[in-house]
>>> print(open('structure.csv').read())   # CSV, C-alpha atoms
chain,number,residue,atom,x,y,z
A,598,MET,CA,36.1,14.2,-7.2
A,599,LEU,CA,35.5,11.0,-9.1
A,600,ASP,CA,38.6,9.3,-10.3
A,601,MET,CA,39.1,8.5,-13.9
A,602,LEU,CA,38.6,4.7,-13.4
A,603,TYR,CA,35.2,5.2,-11.9
A,604,TRP,CA,34.3,7.9,-14.4
A,605,SER,CA,34.9,5.5,-17.3
A,606,GLN,CA,32.7,3.0,-15.5
A,607,LEU,CA,30.0,5.5,-15.1
A,608,VAL,CA,30.1,6.5,-18.8
A,609,LYS,CA,29.8,2.9,-19.8
A,610,GLY,CA,26.8,2.3,-17.6
A,611,ARG,CA,25.2,5.5,-18.7
A,612,ASP,CA,25.6,4.4,-22.3
A,613,GLN,CA,24.0,1.0,-21.5
A,614,ILE,CA,20.9,2.7,-20.0
A,615,HIS,CA,20.7,5.1,-23.0
A,616,GLU,CA,20.7,2.1,-25.4
A,617,ARG,CA,17.7,0.6,-23.6
A,618,TYR,CA,15.9,3.9,-23.1
A,619,PRO,CA,17.0,6.4,-25.9
A,620,THR,CA,14.6,9.1,-24.7
A,621,ILE,CA,12.7,10.1,-21.6
A,622,TRP,CA,9.5,9.4,-23.5
A,623,GLY,CA,10.2,5.7,-23.6
A,624,LEU,CA,9.8,5.4,-19.9
A,625,ARG,CA,6.3,4.1,-18.8
A,626,LEU,CA,4.1,6.3,-16.7
A,627,ILE,CA,2.9,5.3,-13.3
A,628,LYS,CA,1.0,7.3,-10.7
A,629,ARG,CA,3.4,7.1,-7.8
A,630,PRO,CA,6.3,4.9,-6.5
A,631,SER,CA,4.1,3.4,-3.7
A,632,ARG,CA,2.0,1.7,-6.3
A,633,LEU,CA,5.1,0.0,-7.7
A,634,VAL,CA,6.1,-1.1,-4.2
A,635,LYS,CA,2.7,-2.7,-3.6
A,636,THR,CA,3.2,-5.0,-6.7
A,637,LEU,CA,6.5,-6.2,-5.1
A,638,LEU,CA,5.2,-7.1,-1.7
A,639,ARG,CA,5.3,-10.6,-0.4
A,640,PRO,CA,4.3,-12.1,3.0
A,641,GLY,CA,7.0,-11.9,5.6
A,642,MET,CA,9.3,-9.5,3.5
A,643,ARG,CA,11.9,-7.5,5.3
A,644,ILE,CA,11.7,-3.9,4.1
A,645,LEU,CA,13.9,-0.8,4.8
A,646,ASP,CA,12.5,2.6,4.2
A,647,VAL,CA,15.4,5.1,3.9
A,648,GLY,CA,14.4,8.7,4.3
A,649,ALA,CA,11.2,7.5,5.8
A,650,SER,CA,10.1,10.8,7.4
A,651,ASP,CA,6.8,10.1,9.2
A,652,ARG,CA,6.8,6.4,8.2
A,653,ARG,CA,3.7,6.9,6.1
A,654,MET,CA,4.6,3.9,3.9
A,655,GLU,CA,4.3,1.5,6.8
A,656,ARG,CA,0.5,1.6,7.1
A,657,GLY,CA,-0.2,1.0,3.4
A,658,ILE,CA,2.3,-1.9,3.4
A,659,LYS,CA,0.9,-3.6,6.5
A,660,GLU,CA,-2.7,-3.2,5.2
A,661,ILE,CA,-1.7,-5.7,2.5
A,662,TYR,CA,0.6,-8.0,4.5
A,663,PRO,CA,0.5,-7.4,8.2
A,664,ASN,CA,3.5,-9.8,8.8
A,665,VAL,CA,5.9,-7.7,6.7
A,666,ILE,CA,8.8,-6.5,8.7
A,667,TYR,CA,9.1,-2.8,8.2
A,668,LYS,CA,12.1,-0.8,9.4
A,669,SER,CA,12.8,2.9,8.9
A,670,MET,CA,15.9,4.9,8.6
A,671,ASP,CA,16.1,8.8,8.7
A,672,VAL,CA,18.6,11.3,9.9
A,673,ASP,CA,15.8,13.3,11.6
A,674,ARG,CA,16.1,12.4,15.3
A,675,GLY,CA,12.9,14.3,16.0
A,676,LEU,CA,10.9,11.4,14.7
A,677,PRO,CA,10.8,7.8,15.8
A,678,HIS,CA,12.9,5.5,13.6
A,679,ASP,CA,14.6,2.2,13.8
A,680,TYR,CA,17.9,3.6,12.5
A,681,TYR,CA,19.4,7.1,12.2
A,682,THR,CA,22.4,6.1,10.1
A,683,LEU,CA,23.0,3.4,7.5
A,684,ASP,CA,26.2,2.4,9.3
A,685,GLY,CA,24.2,1.4,12.3
A,686,ILE,CA,22.3,-1.3,10.4
A,687,ASN,CA,23.5,-4.9,10.8
A,688,GLU,CA,20.7,-6.8,9.1
A,689,GLN,CA,19.7,-7.4,5.5
A,690,PHE,CA,16.5,-6.7,3.6
A,691,ASP,CA,14.4,-8.1,0.7
A,692,LEU,CA,13.3,-4.6,-0.4
A,693,ILE,CA,14.7,-1.1,0.2
A,694,MET,CA,12.8,2.1,-0.7
A,695,LEU,CA,14.6,5.4,-1.3
A,696,PHE,CA,12.1,8.1,-2.3
A,697,GLU,CA,13.3,11.7,-3.2
A,698,VAL,CA,16.5,11.5,-1.1
A,699,ILE,CA,19.6,11.0,-3.2
A,700,GLU,CA,19.2,14.5,-4.8
A,701,HIS,CA,19.8,16.1,-1.4
A,702,LEU,CA,23.3,14.6,-1.1
A,703,GLU,CA,26.6,15.4,-2.8
A,704,LEU,CA,27.4,13.2,-5.7
A,705,GLU,CA,30.1,11.1,-4.0
A,706,VAL,CA,28.0,10.7,-0.8
A,707,GLY,CA,25.0,9.5,-2.9
A,708,ILE,CA,27.2,7.0,-4.7
A,709,LYS,CA,28.5,5.7,-1.4
A,710,MET,CA,25.0,5.4,-0.1
A,711,LEU,CA,23.9,3.3,-3.0
A,712,SER,CA,26.9,1.0,-2.4
A,713,ARG,CA,25.9,0.6,1.2
A,714,LEU,CA,22.3,-0.1,0.3
A,715,ASN,CA,23.5,-2.9,-2.0
A,716,GLU,CA,25.3,-4.4,1.0
A,717,LEU,CA,22.1,-4.3,3.0
A,718,LEU,CA,20.1,-6.3,0.4
A,719,VAL,CA,19.9,-10.0,0.2
A,720,HIS,CA,21.1,-11.5,-3.1
A,721,GLY,CA,18.3,-10.7,-5.6
A,722,GLY,CA,16.8,-8.1,-3.3
A,723,ARG,CA,15.1,-5.1,-4.8
A,724,LEU,CA,15.7,-1.4,-4.6
A,725,VAL,CA,13.0,1.2,-5.6
A,726,ILE,CA,14.5,4.7,-5.8
A,727,SER,CA,12.9,7.9,-7.0
A,728,THR,CA,14.4,11.3,-7.8
A,729,PRO,CA,13.0,14.5,-9.4
A,730,ASN,CA,12.7,14.4,-13.2
A,731,ILE,CA,15.2,16.9,-14.7
A,732,PHE,CA,13.1,17.1,-17.9
A,733,ASN,CA,10.6,18.8,-15.7
A,734,PRO,CA,12.8,21.7,-14.5
A,735,SER,CA,10.5,23.2,-11.9
A,736,ARG,CA,10.4,19.9,-10.1
A,737,PHE,CA,14.1,19.9,-9.2
A,738,TRP,CA,14.6,23.6,-8.6
A,739,PHE,CA,11.6,24.2,-6.3
A,740,ASP,CA,13.7,22.9,-3.3
A,741,ALA,CA,16.8,24.8,-2.4
A,742,THR,CA,18.2,21.8,-0.5
A,743,HIS,CA,18.6,19.8,-3.8
A,744,LYS,CA,22.2,19.3,-4.6
A,745,VAL,CA,22.5,16.9,-7.6
A,746,ALA,CA,20.2,16.7,-10.6
A,747,TYR,CA,20.2,13.2,-12.0
A,748,SER,CA,19.2,12.3,-15.5
A,749,TYR,CA,17.7,8.8,-15.7
A,750,GLU,CA,20.7,7.7,-17.7
A,751,GLU,CA,23.2,9.1,-15.2
A,752,LEU,CA,21.5,7.5,-12.1
A,753,GLY,CA,21.0,4.3,-14.1
A,754,GLY,CA,24.7,4.2,-14.9
A,755,ILE,CA,25.6,4.8,-11.2
A,756,LEU,CA,23.3,1.9,-10.1
A,757,LEU,CA,24.9,-0.4,-12.6
A,758,GLY,CA,28.3,0.6,-11.2
A,759,GLN,CA,27.2,-0.2,-7.6
A,760,GLY,CA,26.3,-3.8,-8.3
A,761,PHE,CA,22.6,-3.4,-9.3
A,762,GLU,CA,20.8,-4.6,-12.3
A,763,VAL,CA,18.3,-2.0,-13.6
A,764,LEU,CA,15.0,-3.9,-14.2
A,765,ASP,CA,12.9,-0.9,-15.3
A,766,ILE,CA,12.6,2.8,-15.2
A,767,TYR,CA,9.4,4.8,-14.9
A,768,ARG,CA,8.0,8.3,-14.9
A,769,THR,CA,5.4,9.4,-12.3
A,770,PHE,CA,2.4,11.6,-12.9
A,771,ASN,CA,-0.4,11.5,-10.3
A,772,ALA,CA,-3.4,13.5,-11.5
A,773,SER,CA,-7.1,13.2,-12.0
A,774,PHE,CA,-8.3,11.5,-15.1
A,775,PRO,CA,-9.2,14.7,-17.0
A,776,LYS,CA,-5.7,16.2,-16.3
A,777,TYR,CA,-4.1,12.9,-17.2
A,778,PHE,CA,-6.0,12.7,-20.4
A,779,VAL,CA,-5.3,16.2,-21.5
A,780,ARG,CA,-1.5,15.8,-20.9
A,781,LEU,CA,-1.4,12.6,-22.9
A,782,THR,CA,-3.4,13.9,-25.8
A,783,LEU,CA,-3.8,17.7,-26.3
A,784,PHE,CA,-0.4,18.8,-24.8
A,785,TYR,CA,1.7,15.7,-25.4
A,786,PRO,CA,3.0,16.8,-28.9
A,787,LEU,CA,4.0,20.1,-27.4
A,788,HIS,CA,5.9,18.5,-24.6
A,789,ARG,CA,7.7,16.3,-27.1
A,790,ILE,CA,8.7,19.2,-29.3
A,791,LEU,CA,10.0,21.2,-26.4
A,792,ASN,CA,11.5,18.1,-24.7
A,793,VAL,CA,10.0,19.3,-21.4
A,794,ASP,CA,8.2,16.5,-19.5
A,795,PHE,CA,5.1,16.8,-17.3
A,796,ALA,CA,6.1,13.8,-15.2
A,797,LYS,CA,7.4,14.8,-11.8
A,798,SER,CA,9.8,12.1,-10.8
A,799,ILE,CA,11.8,9.2,-12.2
A,800,VAL,CA,11.5,5.8,-10.5
A,801,PHE,CA,14.0,3.0,-10.8
A,802,LEU,CA,13.3,-0.7,-10.0
A,803,ALA,CA,16.7,-2.3,-9.5
A,804,GLN,CA,17.9,-5.6,-8.2
A,805,LYS,CA,21.1,-6.6,-6.4
A,806,ARG,CA,23.2,-8.8,-8.7
A,807,GLY,CA,24.1,-12.2,-7.3
A,808,ASN,CA,27.9,-11.8,-7.8
A,809,ARG,CA,28.3,-8.8,-5.5
>>> encode(input="structure.csv", output="structure tokens")
Amino acid sequence: MLDMLYWSQLVKGRDQIHERYPTIWGLRLIKRPSRLVKTLLRPGMRILDVGASDRRMERGIKEIYPNVIYKSMDVDRGLPHDYYTLDGINEQFDLIMLFEVIEHLELEVGIKMLSRLNELLVHGGRLVISTPNIFNPSRFWFDATHKVAYSYEELGGILLGQGFEVLDIYRTFNASFPKYFVRLTLFYPLHRILNVDFAKSIVFLAQKRGNR
């Protein structure tokens, strides 16, 4: 269980995020987290992909900058990865990706993981993290292995508490132009009235604070 000291810190951080983004509808739409990552790439960057699965991100990254150093970490030992635990990593990175992973962990474990990722970043290093959008209920509940449903305010508050600065928060919706257009015009007022979003995931762009 979270102790009262940490709980008060979490509530403070959550309120700070809510002040910046009062509603889910204030978050900008992007198609997918990988597109955000591509805007952050620089030659020679050191990148860690946590929960990398089949390392599919590596090809897209190296097509842009072949000299990027890409490392993967995943608990699945049936696939080839550089690391299978975060504790086994003894190097630092400029950018860490964590896509649709944290919701599979218990709350305390997820918080500890974010703290460890902060340690693995250089000062000013970036973290891009995505998680299912709880304002789109079917997105979270379709997977029985999901354990914690994070609102954007809650996860934002946790990131603040673990030494990150939240630079921006996005919603993702990857669809053809006709479907995209219909959602943003014809159905958009209904989504707002019902407070049920069509965006599938929430994406955070965070940065390690220099004083941690």
>>> atom_distance(input="structure.csv", atom1="CA of Val800 (chain A)", atom2="CA of Met642 (chain A)")
20.9 Å
>>> closest_residue(input="structure.csv", among="A:Pro630, A:Gly807, A:Gly707, A:Gly610", to="Met654 (chain A)", atoms="all atoms listed in the file")
A:Pro630
>>> closest_residue(input="structure.csv", among="A:Arg625, A:Phe795, A:Leu702, A:Ile666", to="Val779 (chain A)", atoms="all atoms listed in the file")
A:Phe795
>>> residues_around(input="structure.csv", residues="region 708-716 of chain A", least_positions_apart="4", cutoff="12 Å", atoms="all atoms listed in the file", output="JSON, numbers by chain")
{"A": [598, 599, 603, 607, 644, 645, 646, 647, 648, 670, 682, 683, 684, 685, 686, 687, 688, 689, 690, 691, 692, 693, 694, 695, 698, 699, 700, 701, 702, 703, 704, 720, 721, 722, 723, 724, 725, 726, 745, 747, 751, 752, 753, 754, 755, 756, 757, 758, 759, 760, 761, 762, 803, 804, 805, 806, 807, 808, 809]}
>>> atom_distance(input="structure.csv", atom1="CA of Thr620 (chain A)", atom2="CA of Glu750 (chain A)")
9.4 Å
>>> closest_residue(input="structure.csv", among="A:Tyr662, A:Phe732, A:Tyr680, A:Phe737", to="Arg768 (chain A)", atoms="only C-alpha atoms")
A:Phe732
>>> residues_around(input="structure.csv", residues="Ala796 (chain A)", least_positions_apart="6", cutoff="7 Å", atoms="only C-alpha atoms", output="PyMOL selection string")
chain A and resi 730+733+768-770
>>> closest_residue(input="structure.csv", among="A:Tyr681, A:Phe778, A:Phe696, A:Phe801", to="Arg653 (chain A)", atoms="all atoms listed in the file")
A:Phe696
>>> closest_residue(input="structure.csv", among="A:Leu676, A:Leu626, A:Val763, A:Arg736", to="Arg780 (chain A)", atoms="all atoms listed in the file")
A:Leu626
>>> axis_aligned_box(input="structure.csv", around="region 689-708 of chain A", padding_each_side="3 Å", output="JSON")
{"center_x": 21.1, "center_y": 4.0, "center_z": -0.1, "size_x": 24.0, "size_y": 30.2, "size_z": 17.2}
>>> closest_residue(input="structure.csv", among="A:Gly675, A:Ser631, A:Pro729, A:Ile790", to="Glu655 (chain A)", atoms="only C-alpha atoms")
A:Ser631
>>> atom_distance(input="structure.csv", atom1="CA of Leu638 (chain A)", atom2="CA of Lys668 (chain A)")
14.5 Å
>>> residues_around(input="structure.csv", residues="Gly623 (chain A)", least_positions_apart="3", cutoff="12 Å", atoms="only C-alpha atoms", output="list in words")
Ile614, His615, Glu616, Arg617, Tyr618, Pro619, Thr620, Leu626, Tyr749, Asp765, Ile766, Tyr767, Arg768, Arg789 and Asp794 of chain A
